[in-house]
Amino acid sequence: MKTTARLSFLAAAMVTLVAAMPAAHADGDHRARAIATMKQDFVTKGQATADRISEDGLQAICNRTGNKPPETIAKQLETDQMAGVKYPTDGKLMGDWKSGEKIAQSGRGFTWSDEPGLPVGGNCYNCHQIAPKETSFGTVGPTLFHFGKLRGNTVDIQKYVYSKIYNAKSYNLCSEMPRFGHIGALKEHQIKDLVALLLDPESPVNK
Amino acid sequence: MKYRIAFVAMLALVMQPASAQNKPATAKKGAKPPAAAPAEQKDAATLEFEKFRTQMEQEGNPAELFEVKGEEFWKTKRGPKNVSLAESCDLGLGIGVVKGAYVQMPRYFADAGKVMDAERRIVWCMVEKQGFKFDDLAKKPFASGEYTPEQTSLVTYVAGQSKDMKIAIPLKDPHVKDVYEIGKEIVAYRAGPYDFSCNTCHGADGKRIRMQNLPNITTAKGSLTAVLGWPGYRMTGGVMLTPQWRMGDCFRQQRFPQPKYASDTITALLTYMTANANGQMYKGLGIKR
């Protein structure tokens, strides 16, 4: 879908939402005042600039619907997110699982206390169980232990994992998982290494 | 102090998980792959910490040192106007009354025309009654290794005076209810590079970031966990920290910009969480790892 078409769909979706479900989540007045309050109360610190308080289109739809947008809108917007996924030009989707493990471990990036310019981590262990050796893992997301063993590592699965990491919202519009490729947090080769961590038969994840 | 030595030993254990986002705890070698991910799973450092906390609570919580300092600040004539807070500051129950005030804040203060949490109210009194400058207080608002702001000690003292009392945020007051509803919206508001809201991490039961349990602040039980133990003495770094600090550090992890000190946003969050814990017992100053 062309960008203009996508934008106008988004606009249309917003209008529909505002009209059709005014009180879906909570009192609209309180929402507006909450946003105004935050706009006035936040200041730039380090790389965390004050404009981060503004919602983008997807965030606005999730916020307005309590993370449960109507099915048709969700499907359309997921397709839009998917259209932005850039696959590797060399056609290879799997890199080096050892380097993937390091990326998965690192929680660096985007906070006001992180030095800008340094490579960003994946934060994966913050939310997921992955390789068995790491017992300090979070549970915001599902376990990914034995991921490749259970799902296989066909090209389709590789594509799924690559695109899920690139933009988790292309499968689940209001997923709690960040859009690592979409926002430019993780580079192509880093995502490939993470795909390998989850799918390579040699990776400890699949032992 | 008896706990000094044990304390230093403990630091080694607790240092790592303190900021899970940046410094992941190291894996234990040779551990069996955990089959599932039990919600309340505790690692060795957590268990050690809990043992140590119990011991400290029995022998004397280091937060009490700040309580003593805070009491002195409360009662002494200070500031450009040379008045004491005890003779000028109303925390909601009358001038100078501290007993039970903490568990009834945030509340609406007509003289300020605002709903305020404890720290914000104390700062307001320091500015309006004692003549301190807000900008000076806001410049270094939280404790570091070398420095504990006066308002931190004051909050600690005031909070200690509500130990074992029931949380009773006056939600019937329409001003308070209004701020509560704004807080509820802020807690659900997703934005920033990672699309995070408070609820991403604190919106469901039994979630963890790394090994740190995340209270579900949308429930009464989880909100109690969020309120209990604050203000708290944090073993990592050996500093006394207030709920204001906690909110700021979570916004950091949320990849949001920085909230201004003593702002409406923070009051709204504290109103939401504290009122969700209404009717439950506040157990006093905490020890955090």
# chains A, B, ... in the order shown; residues from 1 in each chain; ligands from 1
$ interface_residues --of "chain B" --to "chain A" --cutoff "6 Å" --atoms "only C-alpha atoms" --output "list in words"
Gln21, Asn22, Ala27, Pro33, Ile182, Glu185, Ile186, Tyr189, Ala191, Gly192, Tyr194, Thr200, Lys207, Arg208, Ile209, Arg210, Met211, Arg252, Arg255, Pro257, Gln258, Pro259 and Lys260 of chain B
$ write_last_selection --atoms "C-alpha atoms" --output "compact mmCIF listing (two decimals), in the first residue's frame"
# COMPACT_ATOMS: atom_id res chain seq x y z
CA GLN B 21 17.16 -3.09 32.13
CA ASN B 22 20.83 -2.21 31.85
CA ALA B 27 23.18 -16.67 34.92
CA PRO B 33 16.54 -25.56 31.92
CA ILE B 182 -6.50 11.07 34.84
CA GLU B 185 -5.50 7.13 31.67
CA ILE B 186 -1.80 7.88 32.09
CA TYR B 189 -1.08 5.50 27.70
CA ALA B 191 3.89 6.05 23.48
CA GLY B 192 7.61 6.40 22.87
CA TYR B 194 8.96 1.00 22.43
CA THR B 200 2.93 -3.05 29.60
CA LYS B 207 4.74 -10.76 35.32
CA ARG B 208 8.45 -10.17 35.70
CA ILE B 209 11.18 -8.11 34.01
CA ARG B 210 14.18 -10.43 34.37
CA MET B 211 13.78 -11.67 37.96
CA ARG B 252 13.01 6.08 32.28
CA ARG B 255 11.70 5.17 27.38
CA PRO B 257 11.18 11.71 28.66
CA GLN B 258 11.67 12.96 32.21
CA PRO B 259 8.69 14.00 34.31
CA LYS B 260 9.15 17.31 36.12
$ select_by_dssp --residues "region 34-104 of chain B" --states "helix (DSSP H, G or I)" --output "number ranges by chain"
B: 44-59, 63-75, 102-104
$ atom_distance --atom1 "CA of Thr271 (chain B)" --atom2 "CA of Asp136 (chain B)"
25.6 Å
$ residues_around --residues "region 74-82 of chain B" --least-positions-apart "3" --cutoff "6 Å" --atoms "only C-alpha atoms" --output "ChimeraX atom specification"
/B:71,85-86,130-132
$ write_last_selection --atoms "C-alpha atoms" --output "mmCIF file, in the first residue's frame"
data_model
loop_
_atom_site.group_PDB
_atom_site.id
_atom_site.type_symbol
_atom_site.label_atom_id
_atom_site.label_comp_id
_atom_site.auth_asym_id
_atom_site.auth_seq_id
_atom_site.Cartn_x
_atom_site.Cartn_y
_atom_site.Cartn_z
ATOM 1 C CA GLU B 71 11.625 14.769 62.380
ATOM 2 C CA LEU B 85 6.801 23.051 59.306
ATOM 3 C CA ALA B 86 5.334 21.818 62.586
ATOM 4 C CA GLN B 130 9.474 28.589 54.914
ATOM 5 C CA GLY B 131 10.447 30.576 51.847
ATOM 6 C CA PHE B 132 12.705 28.047 50.113
#
$ closest_residue --among "A:Leu144, A:Thr79, A:Lys68, A:Glu101" --to "Lys169 (chain A)" --atoms "only C-alpha atoms"
A:Thr79
$ residues_around --residues "region 117-122 of chain B" --least-positions-apart "5" --cutoff "9 Å" --atoms "only C-alpha atoms" --output "PDB file with N, CA, C and O atoms, in the first residue's frame"
ATOM      1  N   LEU B  85       7.950  23.654  59.978  1.00  0.00           N
ATOM      2  CA  LEU B  85       6.801  23.051  59.306  1.00  0.00           C
ATOM      3  C   LEU B  85       5.758  22.656  60.348  1.00  0.00           C
ATOM      4  O   LEU B  85       4.555  22.754  60.119  1.00  0.00           O
ATOM      5  N   CYS B  89       2.707  23.936  58.538  1.00  0.00           N
ATOM      6  CA  CYS B  89       2.338  23.094  57.396  1.00  0.00           C
ATOM      7  C   CYS B  89       1.135  22.194  57.708  1.00  0.00           C
ATOM      8  O   CYS B  89       1.151  21.446  58.688  1.00  0.00           O
ATOM      9  N   ASP B  90       0.134  22.274  56.841  1.00  0.00           N
ATOM     10  CA  ASP B  90      -1.061  21.432  56.989  1.00  0.00           C
ATOM     11  C   ASP B  90      -1.001  20.302  55.968  1.00  0.00           C
ATOM     12  O   ASP B  90      -1.070  20.531  54.764  1.00  0.00           O
ATOM     13  N   LEU B  91      -0.883  19.079  56.449  1.00  0.00           N
ATOM     14  CA  LEU B  91      -0.816  17.929  55.553  1.00  0.00           C
ATOM     15  C   LEU B  91      -2.206  17.334  55.327  1.00  0.00           C
ATOM     16  O   LEU B  91      -2.342  16.199  54.870  1.00  0.00           O
ATOM     17  N   ALA B 101      -1.386  11.225  58.415  1.00  0.00           N
ATOM     18  CA  ALA B 101      -1.529  12.098  57.238  1.00  0.00           C
ATOM     19  C   ALA B 101      -1.086  11.381  55.957  1.00  0.00           C
ATOM     20  O   ALA B 101      -1.713  11.525  54.904  1.00  0.00           O
ATOM     21  N   TYR B 102      -0.024  10.599  56.049  1.00  0.00           N
ATOM     22  CA  TYR B 102       0.547   9.986  54.847  1.00  0.00           C
ATOM     23  C   TYR B 102      -0.435   9.050  54.147  1.00  0.00           C
ATOM     24  O   TYR B 102      -0.551   9.056  52.926  1.00  0.00           O
ATOM     25  N   MET B 105      -2.975  10.786  51.784  1.00  0.00           N
ATOM     26  CA  MET B 105      -2.494  11.565  50.645  1.00  0.00           C
ATOM     27  C   MET B 105      -2.179  10.627  49.499  1.00  0.00           C
ATOM     28  O   MET B 105      -1.743   9.509  49.758  1.00  0.00           O
ATOM     29  N   PRO B 106      -2.364  11.050  48.241  1.00  0.00           N
ATOM     30  CA  PRO B 106      -2.766  12.366  47.774  1.00  0.00           C
ATOM     31  C   PRO B 106      -4.190  12.749  48.211  1.00  0.00           C
ATOM     32  O   PRO B 106      -5.061  11.908  48.305  1.00  0.00           O
ATOM     33  N   ARG B 107      -4.359  14.041  48.460  1.00  0.00           N
ATOM     34  CA  ARG B 107      -5.653  14.630  48.762  1.00  0.00           C
ATOM     35  C   ARG B 107      -5.689  16.043  48.200  1.00  0.00           C
ATOM     36  O   ARG B 107      -4.679  16.559  47.739  1.00  0.00           O
ATOM     37  N   PHE B 109      -5.901  20.015  48.398  1.00  0.00           N
ATOM     38  CA  PHE B 109      -5.556  21.102  49.311  1.00  0.00           C
ATOM     39  C   PHE B 109      -6.108  22.410  48.745  1.00  0.00           C
ATOM     40  O   PHE B 109      -5.637  22.895  47.711  1.00  0.00           O
ATOM     41  N   VAL B 127       8.238  25.810  50.350  1.00  0.00           N
ATOM     42  CA  VAL B 127       8.294  27.010  49.508  1.00  0.00           C
ATOM     43  C   VAL B 127       7.392  28.109  50.078  1.00  0.00           C
ATOM     44  O   VAL B 127       7.842  29.231  50.332  1.00  0.00           O
ATOM     45  N   GLN B 151      13.872  17.075  51.701  1.00  0.00           N
ATOM     46  CA  GLN B 151      12.476  16.642  51.528  1.00  0.00           C
ATOM     47  C   GLN B 151      12.342  15.121  51.562  1.00  0.00           C
ATOM     48  O   GLN B 151      11.306  14.596  51.951  1.00  0.00           O
ATOM     49  N   THR B 152      13.396  14.397  51.175  1.00  0.00           N
ATOM     50  CA  THR B 152      13.350  12.934  51.266  1.00  0.00           C
ATOM     51  C   THR B 152      13.247  12.503  52.729  1.00  0.00           C
ATOM     52  O   THR B 152      12.445  11.633  53.083  1.00  0.00           O
ATOM     53  N   LEU B 154      12.121  14.314  55.147  1.00  0.00           N
ATOM     54  CA  LEU B 154      10.807  14.751  55.640  1.00  0.00           C
ATOM     55  C   LEU B 154       9.707  13.768  55.231  1.00  0.00           C
ATOM     56  O   LEU B 154       8.857  13.394  56.046  1.00  0.00           O
ATOM     57  N   VAL B 155       9.723  13.322  53.989  1.00  0.00           N
ATOM     58  CA  VAL B 155       8.721  12.352  53.528  1.00  0.00           C
ATOM     59  C   VAL B 155       8.851  11.065  54.354  1.00  0.00           C
ATOM     60  O   VAL B 155       7.852  10.461  54.753  1.00  0.00           O
ATOM     61  N   VAL B 158       7.290  11.661  57.773  1.00  0.00           N
ATOM     62  CA  VAL B 158       5.826  11.742  57.696  1.00  0.00           C
ATOM     63  C   VAL B 158       5.230  10.352  57.418  1.00  0.00           C
ATOM     64  O   VAL B 158       4.242   9.945  58.040  1.00  0.00           O
ATOM     65  N   ALA B 159       5.853   9.603  56.507  1.00  0.00           N
ATOM     66  CA  ALA B 159       5.343   8.268  56.177  1.00  0.00           C
ATOM     67  C   ALA B 159       5.414   7.349  57.395  1.00  0.00           C
ATOM     68  O   ALA B 159       4.482   6.588  57.678  1.00  0.00           O
ATOM     69  N   THR B 242      12.089   8.022  47.497  1.00  0.00           N
ATOM     70  CA  THR B 242      10.656   8.309  47.670  1.00  0.00           C
ATOM     71  C   THR B 242       9.857   7.781  46.475  1.00  0.00           C
ATOM     72  O   THR B 242      10.421   7.455  45.427  1.00  0.00           O
ATOM     73  N   PRO B 243       8.520   7.719  46.622  1.00  0.00           N
ATOM     74  CA  PRO B 243       7.687   7.296  45.481  1.00  0.00           C
ATOM     75  C   PRO B 243       7.896   8.185  44.249  1.00  0.00           C
ATOM     76  O   PRO B 243       7.802   7.703  43.131  1.00  0.00           O
ATOM     77  N   GLN B 244       8.178   9.477  44.464  1.00  0.00           N
ATOM     78  CA  GLN B 244       8.477  10.356  43.329  1.00  0.00           C
ATOM     79  C   GLN B 244       9.630   9.794  42.504  1.00  0.00           C
ATOM     80  O   GLN B 244       9.595   9.780  41.278  1.00  0.00           O
ATOM     81  N   TYR B 261       9.767  17.386  38.444  1.00  0.00           N
ATOM     82  CA  TYR B 261       9.654  17.069  39.860  1.00  0.00           C
ATOM     83  C   TYR B 261       8.346  17.637  40.414  1.00  0.00           C
ATOM     84  O   TYR B 261       7.966  18.765  40.107  1.00  0.00           O
ATOM     85  N   ALA B 262       7.678  16.825  41.227  1.00  0.00           N
ATOM     86  CA  ALA B 262       6.454  17.274  41.910  1.00  0.00           C
ATOM     87  C   ALA B 262       5.401  17.795  40.927  1.00  0.00           C
ATOM     88  O   ALA B 262       4.792  18.825  41.144  1.00  0.00           O
ATOM     89  N   SER B 263       5.214  17.056  39.834  1.00  0.00           N
ATOM     90  CA  SER B 263       4.277  17.505  38.798  1.00  0.00           C
ATOM     91  C   SER B 263       2.928  16.796  38.917  1.00  0.00           C
ATOM     92  O   SER B 263       2.781  15.805  39.637  1.00  0.00           O
ATOM     93  N   ILE B 266       2.862  12.941  38.141  1.00  0.00           N
ATOM     94  CA  ILE B 266       3.276  12.034  39.222  1.00  0.00           C
ATOM     95  C   ILE B 266       2.168  11.944  40.280  1.00  0.00           C
ATOM     96  O   ILE B 266       1.835  10.853  40.762  1.00  0.00           O
ATOM     97  N   THR B 267       1.586  13.068  40.627  1.00  0.00           N
ATOM     98  CA  THR B 267       0.492  13.039  41.605  1.00  0.00           C
ATOM     99  C   THR B 267      -0.639  12.144  41.100  1.00  0.00           C
ATOM    100  O   THR B 267      -1.217  11.373  41.867  1.00  0.00           O
ATOM    101  N   ALA B 268      -0.956  12.239  39.809  1.00  0.00           N
ATOM    102  CA  ALA B 268      -2.048  11.437  39.255  1.00  0.00           C
ATOM    103  C   ALA B 268      -1.742   9.942  39.367  1.00  0.00           C
ATOM    104  O   ALA B 268      -2.605   9.138  39.737  1.00  0.00           O
ATOM    105  N   LEU B 270       0.284   8.497  41.548  1.00  0.00           N
ATOM    106  CA  LEU B 270       0.260   8.097  42.958  1.00  0.00           C
ATOM    107  C   LEU B 270      -1.170   8.068  43.489  1.00  0.00           C
ATOM    108  O   LEU B 270      -1.513   7.222  44.316  1.00  0.00           O
ATOM    109  N   THR B 271      -2.014   8.961  42.987  1.00  0.00           N
ATOM    110  CA  THR B 271      -3.421   8.939  43.400  1.00  0.00           C
ATOM    111  C   THR B 271      -4.072   7.644  42.938  1.00  0.00           C
ATOM    112  O   THR B 271      -4.776   6.968  43.701  1.00  0.00           O
TER     113      THR B 271
END
$ closest_residue --among "B:His175, B:Lys184, B:Thr265, B:Gly286" --to "Thr225 (chain B)" --atoms "only C-alpha atoms"
B:Gly286
$ atom_distance --atom1 "CA of Asp193 (chain A)" --atom2 "CA of Arg151 (chain A)"
17.6 Å
$ closest_residue --among "A:Pro201, A:Pro116, A:Pro69, A:Gly122" --to "Gly100 (chain A)" --atoms "only C-alpha atoms"
A:Gly122
$ decode --residues "region 254-286 of chain B" --atoms "N, CA, C and O atoms" --output "short mmCIF file (atom, residue, chain, number, x, y, z; two decimals), in the first residue's frame"
data_model
loop_
_atom_site.label_atom_id
_atom_site.label_comp_id
_atom_site.auth_asym_id
_atom_site.auth_seq_id
_atom_site.Cartn_x
_atom_site.Cartn_y
_atom_site.Cartn_z
N GLN B 254 10.48 3.11 30.70
CA GLN B 254 9.41 3.15 29.70
C GLN B 254 9.90 3.86 28.43
O GLN B 254 9.18 3.93 27.45
N ARG B 255 11.10 4.42 28.50
CA ARG B 255 11.70 5.17 27.38
C ARG B 255 10.97 6.49 27.15
O ARG B 255 10.99 7.03 26.05
N PHE B 256 10.32 6.97 28.21
CA PHE B 256 9.66 8.27 28.13
C PHE B 256 10.68 9.36 28.47
O PHE B 256 11.73 9.07 29.02
N PRO B 257 10.35 10.61 28.15
CA PRO B 257 11.18 11.71 28.66
C PRO B 257 11.03 11.83 30.17
O PRO B 257 10.35 11.03 30.81
N GLN B 258 11.66 12.87 30.75
CA GLN B 258 11.67 12.96 32.21
C GLN B 258 10.48 13.77 32.74
O GLN B 258 10.22 14.87 32.28
N PRO B 259 9.77 13.21 33.71
CA PRO B 259 8.69 14.00 34.31
C PRO B 259 9.29 15.08 35.22
O PRO B 259 10.27 14.83 35.91
N LYS B 260 8.69 16.26 35.21
CA LYS B 260 9.15 17.31 36.12
C LYS B 260 8.91 16.89 37.56
O LYS B 260 7.96 16.16 37.85
N TYR B 261 9.77 17.39 38.44
CA TYR B 261 9.65 17.07 39.86
C TYR B 261 8.35 17.64 40.41
O TYR B 261 7.97 18.77 40.11
N ALA B 262 7.68 16.82 41.23
CA ALA B 262 6.45 17.27 41.91
C ALA B 262 5.40 17.79 40.93
O ALA B 262 4.79 18.82 41.14
N SER B 263 5.21 17.06 39.83
CA SER B 263 4.28 17.51 38.80
C SER B 263 2.93 16.80 38.92
O SER B 263 2.78 15.81 39.64
N ASP B 264 1.94 17.32 38.17
CA ASP B 264 0.60 16.74 38.17
C ASP B 264 0.62 15.26 37.73
O ASP B 264 -0.14 14.44 38.24
N THR B 265 1.46 14.96 36.74
CA THR B 265 1.53 13.59 36.23
C THR B 265 1.86 12.61 37.35
O THR B 265 1.21 11.56 37.49
N ILE B 266 2.86 12.94 38.14
CA ILE B 266 3.28 12.03 39.22
C ILE B 266 2.17 11.94 40.28
O ILE B 266 1.83 10.85 40.76
N THR B 267 1.59 13.07 40.63
CA THR B 267 0.49 13.04 41.60
C THR B 267 -0.64 12.14 41.10
O THR B 267 -1.22 11.37 41.87
N ALA B 268 -0.96 12.24 39.81
CA ALA B 268 -2.05 11.44 39.26
C ALA B 268 -1.74 9.94 39.37
O ALA B 268 -2.61 9.14 39.74
N LEU B 269 -0.50 9.55 39.08
CA LEU B 269 -0.12 8.14 39.19
C LEU B 269 -0.21 7.67 40.63
O LEU B 269 -0.72 6.58 40.92
N LEU B 270 0.28 8.50 41.55
CA LEU B 270 0.26 8.10 42.96
C LEU B 270 -1.17 8.07 43.49
O LEU B 270 -1.51 7.22 44.32
N THR B 271 -2.01 8.96 42.99
CA THR B 271 -3.42 8.94 43.40
C THR B 271 -4.07 7.64 42.94
O THR B 271 -4.78 6.97 43.70
N TYR B 272 -3.83 7.30 41.69
CA TYR B 272 -4.42 6.08 41.13
C TYR B 272 -4.00 4.84 41.92
O TYR B 272 -4.84 4.07 42.39
N MET B 273 -2.70 4.67 42.10
CA MET B 273 -2.22 3.45 42.76
C MET B 273 -2.60 3.40 44.24
O MET B 273 -3.00 2.36 44.75
N THR B 274 -2.45 4.53 44.92
CA THR B 274 -2.72 4.53 46.36
C THR B 274 -4.21 4.31 46.62
O THR B 274 -4.58 3.54 47.51
N ALA B 275 -5.06 4.97 45.82
CA ALA B 275 -6.50 4.79 46.02
C ALA B 275 -6.92 3.35 45.68
O ALA B 275 -7.83 2.81 46.31
N ASN B 276 -6.26 2.74 44.72
CA ASN B 276 -6.56 1.33 44.44
C ASN B 276 -6.27 0.44 45.64
O ASN B 276 -6.81 -0.65 45.77
N ALA B 277 -5.37 0.91 46.50
CA ALA B 277 -5.01 0.13 47.70
C ALA B 277 -5.83 0.54 48.92
O ALA B 277 -5.55 0.09 50.03
N ASN B 278 -6.81 1.39 48.73
CA ASN B 278 -7.63 1.88 49.85
C ASN B 278 -8.15 0.74 50.73
O ASN B 278 -8.53 -0.31 50.22
N GLY B 279 -8.16 1.00 52.03
CA GLY B 279 -8.72 0.03 52.97
C GLY B 279 -7.69 -0.99 53.46
O GLY B 279 -7.94 -1.71 54.41
N GLN B 280 -6.54 -1.03 52.82
CA GLN B 280 -5.52 -1.99 53.23
C GLN B 280 -4.47 -1.28 54.11
O GLN B 280 -4.37 -0.06 54.12
N MET B 281 -3.68 -2.08 54.82
CA MET B 281 -2.78 -1.54 55.84
C MET B 281 -1.45 -1.09 55.24
O MET B 281 -0.79 -1.84 54.53
N TYR B 282 -1.03 0.13 55.58
CA TYR B 282 0.31 0.60 55.22
C TYR B 282 1.27 0.15 56.30
O TYR B 282 1.07 0.44 57.48
N LYS B 283 2.32 -0.59 55.92
CA LYS B 283 3.17 -1.20 56.94
C LYS B 283 4.42 -0.40 57.26
O LYS B 283 5.30 -0.88 57.96
N GLY B 284 4.52 0.81 56.72
CA GLY B 284 5.66 1.65 57.11
C GLY B 284 6.81 1.61 56.13
O GLY B 284 6.69 1.08 55.03
N LEU B 285 7.94 2.17 56.56
CA LEU B 285 9.09 2.36 55.68
C LEU B 285 9.64 1.03 55.19
O LEU B 285 9.62 0.04 55.90
N GLY B 286 10.15 1.04 53.98
CA GLY B 286 10.58 -0.22 53.39
C GLY B 286 12.07 -0.36 53.23
O GLY B 286 12.84 0.59 53.41
#
